[in-house]
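Asks: Take this structure first; my questions come after.
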Amino acid sequence: MTLYKPFVCTFLLALISCPLGAQNAAQPAAPTVFGYRDFAAQAKIEELFLAVPDARLAGQHLKTLTSEPHLASTPEDRKTAEYVAQKFRAAGLETEIVPYRVLMNQPKVVRVEARDPGGKLLMSGPTREHVDGDPFQDNPRVAIPFNGSSGSGDVTAEVVYANYGRLEDFDRLAQQHIDVRGKIVLIRYGANFRGVKIYLAEQRGAVGVLLYSDPRDDGYSKGDVYPMGPWRPETGIQYGSVQYIFKYPGDPETPGVASTLELPDAARLSPYGNAPHIISIPISSHDAAPILHALGGPKAPMEWQGALPFHYHLGLTGGPGGVKVHLVSEQDFQRRIIWDVIGKVKGSEYPDEWVVVGNHRDAWIYGAVDPSSGTAAMLEAVHGVGALLKQGWRPKRTIVFGSWDAEEEGLIGSTEWVEQNAAAMEHAVAYFNTDVAVAGSDFSASAVPSLKQFLRELTRSVSSPLGGTVYQQWRIGHPAREERAKASERRSEKTASAEVEVGDLGSGSDFSPFFQHVGVPSTDISSDGDYGVYHSVFDNYAWYTLNADPNFVYLQEMARVLGLEAVRMADADVLPYDYPAYAKAISSYMEAAKAKAADRRLDLDFGPAQTAAARFSAAAERAHGAQTAASGDLARLNLALRQTESALLSEQGLPDRPWFRHTIYAPGEFTGYSAVVLPGVNEAIDARDARLAAQQLTVLTQALDRAARSLGSAF
Ligand SMILES: [Zn+2]
């Protein structure tokens, strides 16, 4: 029916072995694509684009980017910025390296020593990460294990074990009359963002935190450990930031303001409000085991038991004395220079409407998966865009590629850039993120509801190394490898269900400033797998080629999906936002919040908010009709569509965290990574604060009314 072929395989026979059978390739092409009046011309452009991203070249980028540890602001990080800038320029992008001066710590001294009640030394560390045969672990530029934003100090105290350090874990300790005041809390990684663990420990009066990786969560009990397999070996340590990014991310000293080199010190905030005061240190299960083993006191609940070979206890309280730990943390906090790399292709019709694509570049150590797989994929997407430019193509909207720095310390490079470009962001039509781009073969995505269908449709146009399209593989589902065998039942259920699941955006990566601070519709994509070496020295090129993607075909897949998001959005006649889906999501969030309020016996009137949601829903249906027709004043329609997302922001932001302005999505204050929906309303209900919840319902009602008016202004 059209010239458009959903498979690019035929163009690629020279480059990769083609996995598509003839019967698959016979699937009919999509006759129409939402947002396009006539897709035929665009289909040719997309074919050209999809043929360019190259697996071998992506592998070379990965190898270069991961050749040395490149913590933000180090000379090695600067070198990766120059490499990325050179590739941007080679593709024909207008390129600049944008520096910021931001507060970050690097570790000077980190020490952990544990003694039993008799004073006998149980362990002293942290032990360096080591396995037999890893070629990267001994580089002297590997930073000693530390947490970004950890406090400095020297404390000695008894130890209490607090499981994952969730709100309910601390509550359970309190129910058992175990007081963490003045104690050092031993917490395992998993279940929430590590900054939340420290935040809760600090609120409850702890003086320090030891974070460790239990083999139950990402070690031998999942499968073979590196270098035999992909899971965390016993000396493996998860580095990471404990910044309170759920309060605000970015440079701690400049919330809402860009930390340019020119910004005077007097304009910086002191004291700042998004970092802990207490010490936290990450250790391995090798170092945690002797401490946990020696802990007395009550037995830990069964769900708190990890995979170390003894029963866990909670620690002594008020007895003759328990295990004592001595922590030393000397953190060198300085205002340091970081470098974003920005590459632009100016739009031919709507130059002020930016489509932004981004990925961070800095790593705790080598960062093969996190984030270099994302950077390698983005560079091949840029390669594809460059090939189109060389053939005379110009996107209708401006495309901007961003290689963010210092994401690991607290989304710093992206946040500062968004704050600096806040005015331009009012017209930005999308932000497409990737971070942990490739850890295996399982495609997954999160997005604002208005872009979920865009992603589903787009992934039908990209072939999967597993055969068929990315969409088909995504829809089949991807249970963890060890569960594959027993998953066939669930799989057929999934296949029968209406649509593939696209997650909601919480936080923990660079989409957060775009989406939650300035209201740019966003997506985040990745290709997942068994990945036990997150934020460890073992997340390196050797691990990657053994476990994740030996032939770099998933880097190629992600380059195609990421680049196609930009090309298709940049050239669309009508912005392909799906507001009926958004309205449906909001109505269901509202029902759930109402039920929760009733459950807690809070007397709240959801009537006005539900009426506003219904008005928004009606406007969304009308807009969708106009988008499908794609006739009339398209500039006006596009403006109305774009302003609808901004209309969902509130001027005053969330209670106690004004930097987060989105009324529908925020990172949870007590989860950090995962999204809280209708955050103002739901968090007030959780806190059983009826007055605040009522006030937040009013804020939500106003936002929905604004959004409905914005959609209505197109007609
Ligand atoms: Zn990352």
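FYI, nothing fancy with the structure tokens labels: chains A, B, ... in order, residues from 1 per chain, ligands from 1 as they appear.
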Counting only C-alpha atoms and all ligand atoms, which protein, DNA or RNA residues come within 10 Å of ligand 1, given as an mmCIF file with C-alpha atoms, in the first residue's frame?

Replies:
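After the write, out-v1.cif holds the following:
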data_model
loop_
_atom_site.group_PDB
_atom_site.id
_atom_site.type_symbol
_atom_site.label_atom_id
_atom_site.label_comp_id
_atom_site.auth_asym_id
_atom_site.auth_seq_id
_atom_site.Cartn_x
_atom_site.Cartn_y
_atom_site.Cartn_z
ATOM 1 C CA GLY A 240 26.438 5.492 44.031
ATOM 2 C CA ASN A 359 22.277 10.190 27.676
ATOM 3 C CA HIS A 360 24.846 10.735 30.400
ATOM 4 C CA ARG A 361 28.517 10.066 29.835
ATOM 5 C CA ASP A 362 30.172 10.057 33.270
ATOM 6 C CA ALA A 363 30.562 6.786 35.157
ATOM 7 C CA TRP A 364 31.478 5.730 38.683
ATOM 8 C CA GLY A 367 30.534 2.221 33.200
ATOM 9 C CA VAL A 369 26.509 -0.652 30.623
ATOM 10 C CA ASP A 370 25.831 2.444 32.726
ATOM 11 C CA PRO A 371 26.085 4.741 30.778
ATOM 12 C CA SER A 372 28.537 3.961 27.963
ATOM 13 C CA SER A 373 26.177 1.559 26.184
ATOM 14 C CA GLY A 374 23.803 4.535 25.998
ATOM 15 C CA ALA A 406 27.751 14.168 36.429
ATOM 16 C CA GLU A 407 24.455 12.320 36.176
ATOM 17 C CA GLU A 408 25.758 9.830 38.708
ATOM 18 C CA GLU A 409 26.238 12.470 41.404
ATOM 19 C CA LEU A 411 21.501 14.326 37.457
ATOM 20 C CA THR A 434 18.541 6.421 27.514
ATOM 21 C CA ASP A 435 20.948 5.556 30.323
ATOM 22 C CA VAL A 436 21.457 1.852 31.013
ATOM 23 C CA ALA A 437 20.834 1.280 27.300
ATOM 24 C CA GLY A 508 17.006 8.249 38.744
ATOM 25 C CA SER A 509 17.961 9.475 35.298
ATOM 26 C CA ASP A 510 18.184 12.610 33.182
ATOM 27 C CA TYR A 534 25.765 -2.184 38.411
ATOM 28 C CA HIS A 535 28.019 0.695 39.607
#

Asks: Just list as a list in words whatever in stretch 643-697 of chain A DSSP marks as strand (DSSP E or B).

Replies: Leu649, Leu654, Arg657, His662, Tyr665, Ala666, Pro667, Ala675, Val676 and Val677 of chain A

Asks: May I have the residues from that selection written out with N, CA, C and O atoms, as a short mmCIF file (atom, residue, chain, number, x, y, z; two decimals), in the first residue's frame?

Replies:
data_model
loop_
_atom_site.label_atom_id
_atom_site.label_comp_id
_atom_site.auth_asym_id
_atom_site.auth_seq_id
_atom_site.Cartn_x
_atom_site.Cartn_y
_atom_site.Cartn_z
N LEU A 649 1.92 21.56 34.97
CA LEU A 649 2.85 21.99 36.01
C LEU A 649 2.14 22.97 36.93
O LEU A 649 1.27 23.72 36.50
N LEU A 654 5.57 21.03 44.37
CA LEU A 654 5.04 20.15 45.41
C LEU A 654 5.34 20.72 46.80
O LEU A 654 6.33 21.42 46.98
N ARG A 657 8.87 20.53 48.28
CA ARG A 657 9.87 20.29 47.23
C ARG A 657 9.44 21.01 45.95
O ARG A 657 9.05 20.39 44.97
N HIS A 662 5.51 19.02 38.44
CA HIS A 662 4.50 18.27 37.71
C HIS A 662 3.43 17.79 38.69
O HIS A 662 3.76 17.23 39.74
N TYR A 665 3.10 13.48 38.00
CA TYR A 665 4.20 12.54 38.26
C TYR A 665 5.35 13.18 39.03
O TYR A 665 5.77 14.28 38.72
N ALA A 666 5.87 12.44 40.00
CA ALA A 666 7.10 12.85 40.70
C ALA A 666 7.79 11.59 41.19
O ALA A 666 7.15 10.54 41.31
N PRO A 667 9.08 11.66 41.47
CA PRO A 667 9.70 10.53 42.17
C PRO A 667 9.14 10.49 43.58
O PRO A 667 8.90 11.54 44.18
N ALA A 675 7.81 6.09 40.30
CA ALA A 675 6.95 7.26 40.23
C ALA A 675 5.87 7.23 41.29
O ALA A 675 5.34 6.18 41.62
N VAL A 676 5.56 8.41 41.84
CA VAL A 676 4.34 8.59 42.61
C VAL A 676 3.40 9.39 41.72
O VAL A 676 3.80 10.40 41.16
N VAL A 677 2.17 8.91 41.55
CA VAL A 677 1.22 9.62 40.69
C VAL A 677 0.38 10.56 41.55
O VAL A 677 0.20 10.32 42.74
#

Asks: Residues at most 6 Å from stretch 139-149 of chain A, counting only C-alpha atoms, excluding those fewer than 2 positions away in the same chain, as a list in words?

Replies: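 The contact residues come out as Gln137, Tyr239, Gly240, Ser241, Val242, Gln243, Ala275, Ile281 and Glu409 of chain A.
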
Asks: Leaving out A:Asn547 and any residue of its chain fewer than 3 positions from it, which residues lie within 8 Å of it when counting only C-alpha atoms, given as an MDAnalysis selection string?

Replies: chainID A and resid 229:230 440 543:544 550

Asks: Taking only C-alpha atoms into account, which of A:Phe538, A:Phe401, A:Trp393, A:Tyr431 comes nearest A:Asp132?

Replies: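 Nearest candidate to A:Asp132 out of A:Phe538, A:Phe401, A:Trp393, A:Tyr431: A:Phe538.
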
Asks: Excluding same-chain residues fewer than 6 positions from A:Val112, what lies within 8 Å of it counting only C-alpha atoms, as a PyMOL selection string?

Replies: chain A and resi 123-126+325-328

Asks: Quick one: write out the picked residues with all heavy atoms as an mmCIF file, in the first residue's frame?

Replies:
data_model
loop_
_atom_site.group_PDB
_atom_site.id
_atom_site.type_symbol
_atom_site.label_atom_id
_atom_site.label_comp_id
_atom_site.auth_asym_id
_atom_site.auth_seq_id
_atom_site.Cartn_x
_atom_site.Cartn_y
_atom_site.Cartn_z
ATOM 1 N N MET A 123 36.606 -7.286 60.964
ATOM 2 C CA MET A 123 36.958 -6.962 59.574
ATOM 3 C C MET A 123 37.523 -5.552 59.531
ATOM 4 O O MET A 123 37.279 -4.744 60.418
ATOM 5 C CB MET A 123 35.745 -7.062 58.630
ATOM 6 C CG MET A 123 34.544 -6.165 58.898
ATOM 7 S SD MET A 123 34.677 -4.398 58.501
ATOM 8 C CE MET A 123 34.811 -4.460 56.728
ATOM 9 N N SER A 124 38.288 -5.278 58.498
ATOM 10 C CA SER A 124 38.668 -3.908 58.223
ATOM 11 C C SER A 124 38.699 -3.727 56.715
ATOM 12 O O SER A 124 39.154 -4.595 55.974
ATOM 13 C CB SER A 124 39.976 -3.572 58.937
ATOM 14 O OG SER A 124 41.023 -3.442 58.048
ATOM 15 N N GLY A 125 38.129 -2.644 56.247
ATOM 16 C CA GLY A 125 37.969 -2.465 54.810
ATOM 17 C C GLY A 125 37.828 -1.007 54.446
ATOM 18 O O GLY A 125 38.250 -0.157 55.219
ATOM 19 N N PRO A 126 37.195 -0.672 53.336
ATOM 20 C CA PRO A 126 36.623 -1.636 52.395
ATOM 21 C C PRO A 126 37.684 -2.384 51.586
ATOM 22 O O PRO A 126 38.676 -1.811 51.172
ATOM 23 C CB PRO A 126 35.757 -0.774 51.463
ATOM 24 C CG PRO A 126 36.054 0.655 51.767
ATOM 25 C CD PRO A 126 36.935 0.725 52.953
ATOM 26 N N VAL A 325 31.145 -0.690 65.105
ATOM 27 C CA VAL A 325 31.818 -0.349 63.850
ATOM 28 C C VAL A 325 32.384 1.057 63.947
ATOM 29 O O VAL A 325 31.777 1.951 64.530
ATOM 30 C CB VAL A 325 30.850 -0.480 62.651
ATOM 31 C CG1 VAL A 325 31.440 0.162 61.409
ATOM 32 C CG2 VAL A 325 30.545 -1.934 62.362
ATOM 33 N N HIS A 326 33.565 1.198 63.388
ATOM 34 C CA HIS A 326 34.229 2.497 63.324
ATOM 35 C C HIS A 326 34.267 2.926 61.854
ATOM 36 O O HIS A 326 34.809 2.210 61.014
ATOM 37 C CB HIS A 326 35.654 2.358 63.905
ATOM 38 C CG HIS A 326 36.458 3.625 63.843
ATOM 39 N ND1 HIS A 326 37.836 3.623 63.837
ATOM 40 C CD2 HIS A 326 36.079 4.924 63.782
ATOM 41 C CE1 HIS A 326 38.271 4.888 63.778
ATOM 42 N NE2 HIS A 326 37.227 5.683 63.739
ATOM 43 N N LEU A 327 33.625 4.047 61.551
ATOM 44 C CA LEU A 327 33.602 4.562 60.171
ATOM 45 C C LEU A 327 34.405 5.854 60.084
ATOM 46 O O LEU A 327 34.241 6.744 60.916
ATOM 47 C CB LEU A 327 32.173 4.889 59.729
ATOM 48 C CG LEU A 327 31.096 3.813 59.777
ATOM 49 C CD1 LEU A 327 29.781 4.379 59.218
ATOM 50 C CD2 LEU A 327 31.526 2.598 58.978
ATOM 51 N N VAL A 328 35.236 5.918 59.065
ATOM 52 C CA VAL A 328 35.939 7.166 58.763
ATOM 53 C C VAL A 328 35.630 7.533 57.322
ATOM 54 O O VAL A 328 35.776 6.708 56.415
ATOM 55 C CB VAL A 328 37.465 7.028 58.939
ATOM 56 C CG1 VAL A 328 38.159 8.365 58.660
ATOM 57 C CG2 VAL A 328 37.804 6.511 60.329
#

Asks: Would you kindly return, as a ChimeraX atom specification, each protein, DNA or RNA residue with an atom no farther than 12 Å from any atom of A:Pro227, considering only C-alpha atoms and excluding same-chain residues fewer than 6 positions away?

Replies: /A:130-135,220,233-234,236,532-533,538-540,542-547

Asks: Please, could you write that set of residues out with N, CA, C and O atoms as a short mmCIF file (atom, residue, chain, number, x, y, z; two decimals), in the first residue's frame?

Replies:
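File written: selection-v1.cif
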data_model
loop_
_atom_site.label_atom_id
_atom_site.label_comp_id
_atom_site.auth_asym_id
_atom_site.auth_seq_id
_atom_site.Cartn_x
_atom_site.Cartn_y
_atom_site.Cartn_z
N HIS A 130 37.79 -7.40 43.65
CA HIS A 130 38.75 -8.27 42.95
C HIS A 130 38.13 -9.61 42.58
O HIS A 130 37.46 -10.24 43.39
N VAL A 131 38.37 -10.06 41.34
CA VAL A 131 38.12 -11.45 40.95
C VAL A 131 39.33 -11.92 40.15
O VAL A 131 40.12 -11.10 39.69
N ASP A 132 39.46 -13.22 39.98
CA ASP A 132 40.58 -13.72 39.17
C ASP A 132 40.32 -13.42 37.70
O ASP A 132 39.27 -13.77 37.17
N GLY A 133 41.28 -12.76 37.08
CA GLY A 133 41.25 -12.66 35.62
C GLY A 133 40.60 -11.44 35.02
O GLY A 133 40.56 -11.31 33.81
N ASP A 134 40.08 -10.51 35.85
CA ASP A 134 39.50 -9.31 35.23
C ASP A 134 40.61 -8.36 34.81
O ASP A 134 41.46 -7.99 35.62
N PRO A 135 40.63 -7.93 33.55
CA PRO A 135 41.75 -7.11 33.06
C PRO A 135 41.67 -5.63 33.45
O PRO A 135 42.61 -4.89 33.20
N TYR A 220 25.34 -14.52 43.95
CA TYR A 220 25.35 -15.93 43.52
C TYR A 220 23.97 -16.58 43.57
O TYR A 220 23.71 -17.54 42.85
N PRO A 233 30.11 -10.61 42.08
CA PRO A 233 30.96 -11.47 42.89
C PRO A 233 31.02 -10.94 44.33
O PRO A 233 30.58 -9.82 44.59
N GLU A 234 31.57 -11.74 45.24
CA GLU A 234 31.45 -11.37 46.66
C GLU A 234 32.21 -10.10 47.02
O GLU A 234 31.86 -9.42 47.99
N GLY A 236 32.24 -7.52 45.06
CA GLY A 236 31.63 -6.44 44.25
C GLY A 236 30.96 -5.39 45.11
O GLY A 236 30.24 -5.71 46.06
N GLY A 532 24.40 -7.91 37.24
CA GLY A 532 24.72 -7.89 38.67
C GLY A 532 25.87 -6.96 39.04
O GLY A 532 26.24 -6.88 40.20
N VAL A 533 26.44 -6.26 38.04
CA VAL A 533 27.66 -5.48 38.34
C VAL A 533 27.42 -3.97 38.26
O VAL A 533 28.36 -3.19 38.12
N PHE A 538 33.44 -3.90 37.92
CA PHE A 538 33.24 -4.99 36.94
C PHE A 538 32.25 -4.61 35.83
O PHE A 538 32.07 -5.38 34.89
N ASP A 539 31.60 -3.46 35.93
CA ASP A 539 30.80 -2.98 34.79
C ASP A 539 31.79 -2.41 33.77
O ASP A 539 31.95 -1.19 33.65
N ASN A 540 32.47 -3.30 33.07
CA ASN A 540 33.52 -2.88 32.15
C ASN A 540 33.38 -3.64 30.82
O ASN A 540 32.46 -4.46 30.65
N ALA A 542 35.05 -5.97 29.45
CA ALA A 542 35.18 -7.43 29.52
C ALA A 542 33.85 -8.06 29.94
O ALA A 542 33.38 -9.03 29.33
N TRP A 543 33.24 -7.52 30.98
CA TRP A 543 31.93 -8.03 31.43
C TRP A 543 30.91 -7.89 30.31
O TRP A 543 30.15 -8.81 30.02
N TYR A 544 30.91 -6.72 29.66
CA TYR A 544 29.91 -6.42 28.63
C TYR A 544 29.96 -7.42 27.48
O TYR A 544 28.94 -7.97 27.06
N THR A 545 31.18 -7.68 26.99
CA THR A 545 31.30 -8.56 25.82
C THR A 545 31.09 -10.03 26.20
O THR A 545 30.72 -10.84 25.36
N LEU A 546 31.30 -10.37 27.48
CA LEU A 546 31.01 -11.74 27.92
C LEU A 546 29.51 -11.96 28.13
O LEU A 546 28.99 -13.04 27.85
N ASN A 547 28.83 -10.94 28.65
CA ASN A 547 27.47 -11.17 29.17
C ASN A 547 26.34 -10.45 28.45
O ASN A 547 25.25 -10.99 28.35
#

Asks: For atom CA of A:Phe511 and atom CA of A:Asn433, determine how far apart the two atoms are, in Å to one decimal place.

Replies: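 Pair atom CA of A:Phe511 / atom CA of A:Asn433 returns 6.1 Å.
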
Asks: Would you pick out the contacts of stretch 342-352 of chain A at 7 Å or less, using only C-alpha atoms, so that residues sharing its chain but fewer than 6 positions from it are not included, and give the list as an MDAnalysis selection string?

Replies: chainID A and resid 88 93:97 394:403 427
